[in-house]
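These notes concern the structure reproduced below.
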Amino acid sequence: MSTMLAGRLHLDTHTFAVEEVPLPVPGPGEVLVEVRAAGVCLSDVHLIDGSLSPAFPVDAVANSRAVTLGHEVAGVVHTLGPDVQGMWEPGQRVVLQAGQACGECGGCLRRMSCRQPLTRGVDYDGGWAQYAVAREDTLLPIPDGLPFDQAAIIPDAVSTPYAAIVGTGAVRPAQAVGIWGAGGLGAHGIRLARMVGAAPIIAVDPLPTARERALAFGADVALDPASADFAEAVDQATGGRGLQVAFDFAGAPAARAQATAALGAEGVLVLAGLTPEPFTIGDSVGFCFQGNQIRGHYGSEPKHVEELIGLASAGRIDLAPSITAHVPLADAADAVARLEKKIGDPVRLVLTP
């Protein structure tokens, strides 16, 4: 076998297609992984429509002007490259970290001097393919009891809200938490906020199906942001204290403005959904008087993925309800369209080569 199928984004034309490409060969310190499952993320949709673009494309991507998408990937070790020093062996079940340090400054994944890690499926080839190459230090073993599809979505879909909640937002038990957007990130944010003891958890989404899912995933209240009595409903749910931590997982200016207005004294807004749109604080005097804060959030760290593998394996969080459907790799374009148009309001669609 010298070729394989891969979902390729041509960066110059922003066109996507599943194509036959050469089978990659692992270099020194690299491992070739046979992909068993790969998540479809809204970031992939934004890469295709051009609203996101690679920050630091590596030479191979820059020269070909194409990249294989997919940053949520699980599979089995197929071939070891030269000088692999770790414990890896063919047949071992693994999940791939969503990113890696570039290696230029010697920094770690998220604290490099450039403040920007390289992301799989964005800055270098990812896992919407039959096989993917990974640096050995970006692999994590997964136990036999954790299905590939659930393991695949842990990097990003689960680890991003997890890091936002336990890290950036520092949510503590009994804190009133608001979550704007109950899609791929927000739905997991609800479950994770409940896991750490937040109460009440208020989910906000314009889609009725998303609000129903939010309640099923553990929200105490699910509100329509366009409701005329929205502020009153938040006030009633929080006993008049307002939100102590609010999360924007939607990446929408309107959501951020509404979340800011819902903050109570010393309340914190965490911006976890990405958008290039500017953000303006309407009542800046009130914001300062209450001692409110805004904290930016991006992705997660390797330790978060490792912790979540342990939590999922121990039954502390069940990711089975997060898998909306399995889609053959050859039909990746259909999966992208389903997510973009919210057909069936998916949490996560998973590609299966």
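Within each chain, counting starts at residue 1; across the structure tokens, chains are named A, B, ... in the order shown, with ligands numbered 1 upward in that order.
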Check which residues of stretch 220-332 of chain A sit at most 12 Å from stretch 11-33 of chain A using only C-alpha atoms, and return one row each with the closest pair of atoms and their distance in Å to one decimal, ordered by chain and rising number, as CSV.
```
residue,atom,partner,partner_atom,distance
A:Pro328,CA,A:Val18,CA,10.9
A:Leu329,CA,A:Val18,CA,7.7
A:Ala330,CA,A:Val18,CA,6.2
A:Asp331,CA,A:Val18,CA,7.9
A:Ala332,CA,A:Val18,CA,7.1
```
Report task. Pick out the residues sitting within 7 Å of A:Leu185, and hand them over as a list in words; count only C-alpha atoms, and ignore anything fewer than 5 positions along from it in its own chain. Result ->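 Here the qualifying residues turn out to be Ala157, Val158, Pro161 and Phe249 of chain A.
In this model, the gap between atom CA of A:Gly242 and atom CA of A:Gln258 comes to 12.2 Å.
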Query raised in the report: Quick one, how far is atom CA of A:Gly267 from atom CA of A:Arg172?
Result: 12.7 Å
Query raised in the report: Taking the backbone alone, and naming residues the way the document does, which bits of stretch 184-267 of chain A are helix (DSSP H, G or I) by DSSP, as a ChimeraX atom specification?
Result: /A:186-195,208-216,230-237,253-261
Selection to disk with C-alpha atoms, as an mmCIF file, in the first residue's frame:
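Full text of result-v8.cif as output:
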```cif
data_model
loop_
_atom_site.group_PDB
_atom_site.id
_atom_site.type_symbol
_atom_site.label_atom_id
_atom_site.label_comp_id
_atom_site.auth_asym_id
_atom_site.auth_seq_id
_atom_site.Cartn_x
_atom_site.Cartn_y
_atom_site.Cartn_z
ATOM 1 C CA GLY A 186 -20.715 23.996 25.356
ATOM 2 C CA ALA A 187 -22.482 20.652 25.710
ATOM 3 C CA HIS A 188 -19.341 19.217 27.268
ATOM 4 C CA GLY A 189 -18.902 22.384 29.302
ATOM 5 C CA ILE A 190 -22.277 21.739 30.906
ATOM 6 C CA ARG A 191 -21.366 18.184 31.883
ATOM 7 C CA LEU A 192 -17.970 19.228 33.199
ATOM 8 C CA ALA A 193 -19.374 22.147 35.184
ATOM 9 C CA ARG A 194 -21.784 19.718 36.814
ATOM 10 C CA MET A 195 -18.922 17.294 37.493
ATOM 11 C CA PRO A 208 -34.743 24.448 21.069
ATOM 12 C CA THR A 209 -33.036 21.087 20.419
ATOM 13 C CA ALA A 210 -29.798 22.408 21.899
ATOM 14 C CA ARG A 211 -31.644 23.609 25.000
ATOM 15 C CA GLU A 212 -33.264 20.194 25.395
ATOM 16 C CA ARG A 213 -29.851 18.559 25.109
ATOM 17 C CA ALA A 214 -28.421 21.017 27.632
ATOM 18 C CA LEU A 215 -30.978 19.895 30.208
ATOM 19 C CA ALA A 216 -30.251 16.244 29.413
ATOM 20 C CA PHE A 230 -34.063 36.506 29.941
ATOM 21 C CA ALA A 231 -32.542 38.790 32.613
ATOM 22 C CA GLU A 232 -35.374 38.000 34.997
ATOM 23 C CA ALA A 233 -34.882 34.268 34.485
ATOM 24 C CA VAL A 234 -31.159 34.520 35.276
ATOM 25 C CA ASP A 235 -31.933 36.598 38.342
ATOM 26 C CA GLN A 236 -34.463 34.052 39.556
ATOM 27 C CA ALA A 237 -32.167 31.054 38.920
ATOM 28 C CA PRO A 253 -20.362 39.107 20.089
ATOM 29 C CA ALA A 254 -24.049 39.091 21.104
ATOM 30 C CA ALA A 255 -23.436 36.158 23.443
ATOM 31 C CA ARG A 256 -20.478 37.926 25.037
ATOM 32 C CA ALA A 257 -22.453 41.101 25.610
ATOM 33 C CA GLN A 258 -25.342 39.203 27.165
ATOM 34 C CA ALA A 259 -23.020 37.129 29.355
ATOM 35 C CA THR A 260 -21.261 40.261 30.604
ATOM 36 C CA ALA A 261 -24.579 41.810 31.612
#
```
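Closest approach to A:Leu139 from the set A:Ile153, A:Val45, A:Ile294, A:Val305 is made by A:Val305, with distances taken over only C-alpha atoms.
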Requested in this report: May I ask for the distance between atom CA of A:Thr160 and atom CA of A:Asp334, given in Å to one decimal place?
Outcome: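 Straight-line distance from atom CA of A:Thr160 to atom CA of A:Asp334 works out to 25.1 Å.
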**Report entry** strand (DSSP E or B) residues, from DSSP on the backbone, in stretch 226-304 of chain A, as a ChimeraX atom specification
**Finding:** /A:243-248,263-271,293-296
Take the residues just selected and output them with N, CA, C and O atoms as a short mmCIF file (atom, residue, chain, number, x, y, z; two decimals), in the first residue's frame.
```
data_model
loop_
_atom_site.label_atom_id
_atom_site.label_comp_id
_atom_site.auth_asym_id
_atom_site.auth_seq_id
_atom_site.Cartn_x
_atom_site.Cartn_y
_atom_site.Cartn_z
N LEU A 243 -24.33 35.68 37.79
CA LEU A 243 -23.39 34.60 37.51
C LEU A 243 -22.02 34.91 38.09
O LEU A 243 -21.52 36.02 38.00
N GLN A 244 -21.42 33.88 38.66
CA GLN A 244 -20.05 34.04 39.16
C GLN A 244 -19.02 33.73 38.08
O GLN A 244 -17.95 34.31 38.07
N VAL A 245 -19.37 32.81 37.18
CA VAL A 245 -18.52 32.54 36.02
C VAL A 245 -19.42 32.31 34.81
O VAL A 245 -20.36 31.52 34.89
N ALA A 246 -19.13 33.01 33.73
CA ALA A 246 -19.87 32.84 32.47
C ALA A 246 -18.89 32.43 31.38
O ALA A 246 -17.77 32.94 31.32
N PHE A 247 -19.32 31.50 30.54
CA PHE A 247 -18.46 30.99 29.47
C PHE A 247 -19.11 31.26 28.12
O PHE A 247 -20.27 30.89 27.90
N ASP A 248 -18.36 31.89 27.23
CA ASP A 248 -18.81 32.02 25.85
C ASP A 248 -18.16 30.91 25.04
O ASP A 248 -16.98 30.98 24.71
N LEU A 263 -23.32 38.95 34.67
CA LEU A 263 -22.35 38.71 35.74
C LEU A 263 -22.77 39.39 37.04
O LEU A 263 -23.27 40.52 37.03
N GLY A 264 -22.52 38.70 38.14
CA GLY A 264 -22.72 39.30 39.44
C GLY A 264 -21.44 39.94 39.94
O GLY A 264 -20.46 40.11 39.18
N ALA A 265 -21.41 40.30 41.21
CA ALA A 265 -20.22 40.92 41.81
C ALA A 265 -19.02 39.98 41.69
O ALA A 265 -19.13 38.79 42.00
N GLU A 266 -17.91 40.51 41.22
CA GLU A 266 -16.65 39.78 41.03
C GLU A 266 -16.80 38.61 40.04
O GLU A 266 -16.00 37.68 40.03
N GLY A 267 -17.83 38.68 39.21
CA GLY A 267 -18.05 37.64 38.22
C GLY A 267 -17.02 37.69 37.10
O GLY A 267 -16.50 38.76 36.75
N VAL A 268 -16.75 36.54 36.52
CA VAL A 268 -15.72 36.39 35.50
C VAL A 268 -16.34 35.88 34.20
O VAL A 268 -17.14 34.94 34.23
N LEU A 269 -15.98 36.50 33.08
CA LEU A 269 -16.39 36.03 31.77
C LEU A 269 -15.19 35.37 31.10
O LEU A 269 -14.12 35.99 30.97
N VAL A 270 -15.34 34.12 30.67
CA VAL A 270 -14.28 33.39 30.00
C VAL A 270 -14.63 33.27 28.51
O VAL A 270 -15.68 32.74 28.15
N LEU A 271 -13.74 33.78 27.67
CA LEU A 271 -13.95 33.76 26.22
C LEU A 271 -13.28 32.51 25.65
O LEU A 271 -12.08 32.50 25.39
N GLN A 293 -14.24 40.57 35.60
CA GLN A 293 -13.04 40.27 34.81
C GLN A 293 -13.43 39.57 33.52
O GLN A 293 -14.45 38.90 33.44
N ILE A 294 -12.57 39.74 32.51
CA ILE A 294 -12.68 38.98 31.26
C ILE A 294 -11.37 38.23 31.08
O ILE A 294 -10.28 38.81 31.18
N ARG A 295 -11.47 36.93 30.83
CA ARG A 295 -10.28 36.10 30.65
C ARG A 295 -10.36 35.38 29.31
O ARG A 295 -11.36 34.75 28.98
N GLY A 296 -9.29 35.49 28.55
CA GLY A 296 -9.22 34.78 27.29
C GLY A 296 -8.80 33.33 27.52
O GLY A 296 -8.06 33.02 28.45
#
```
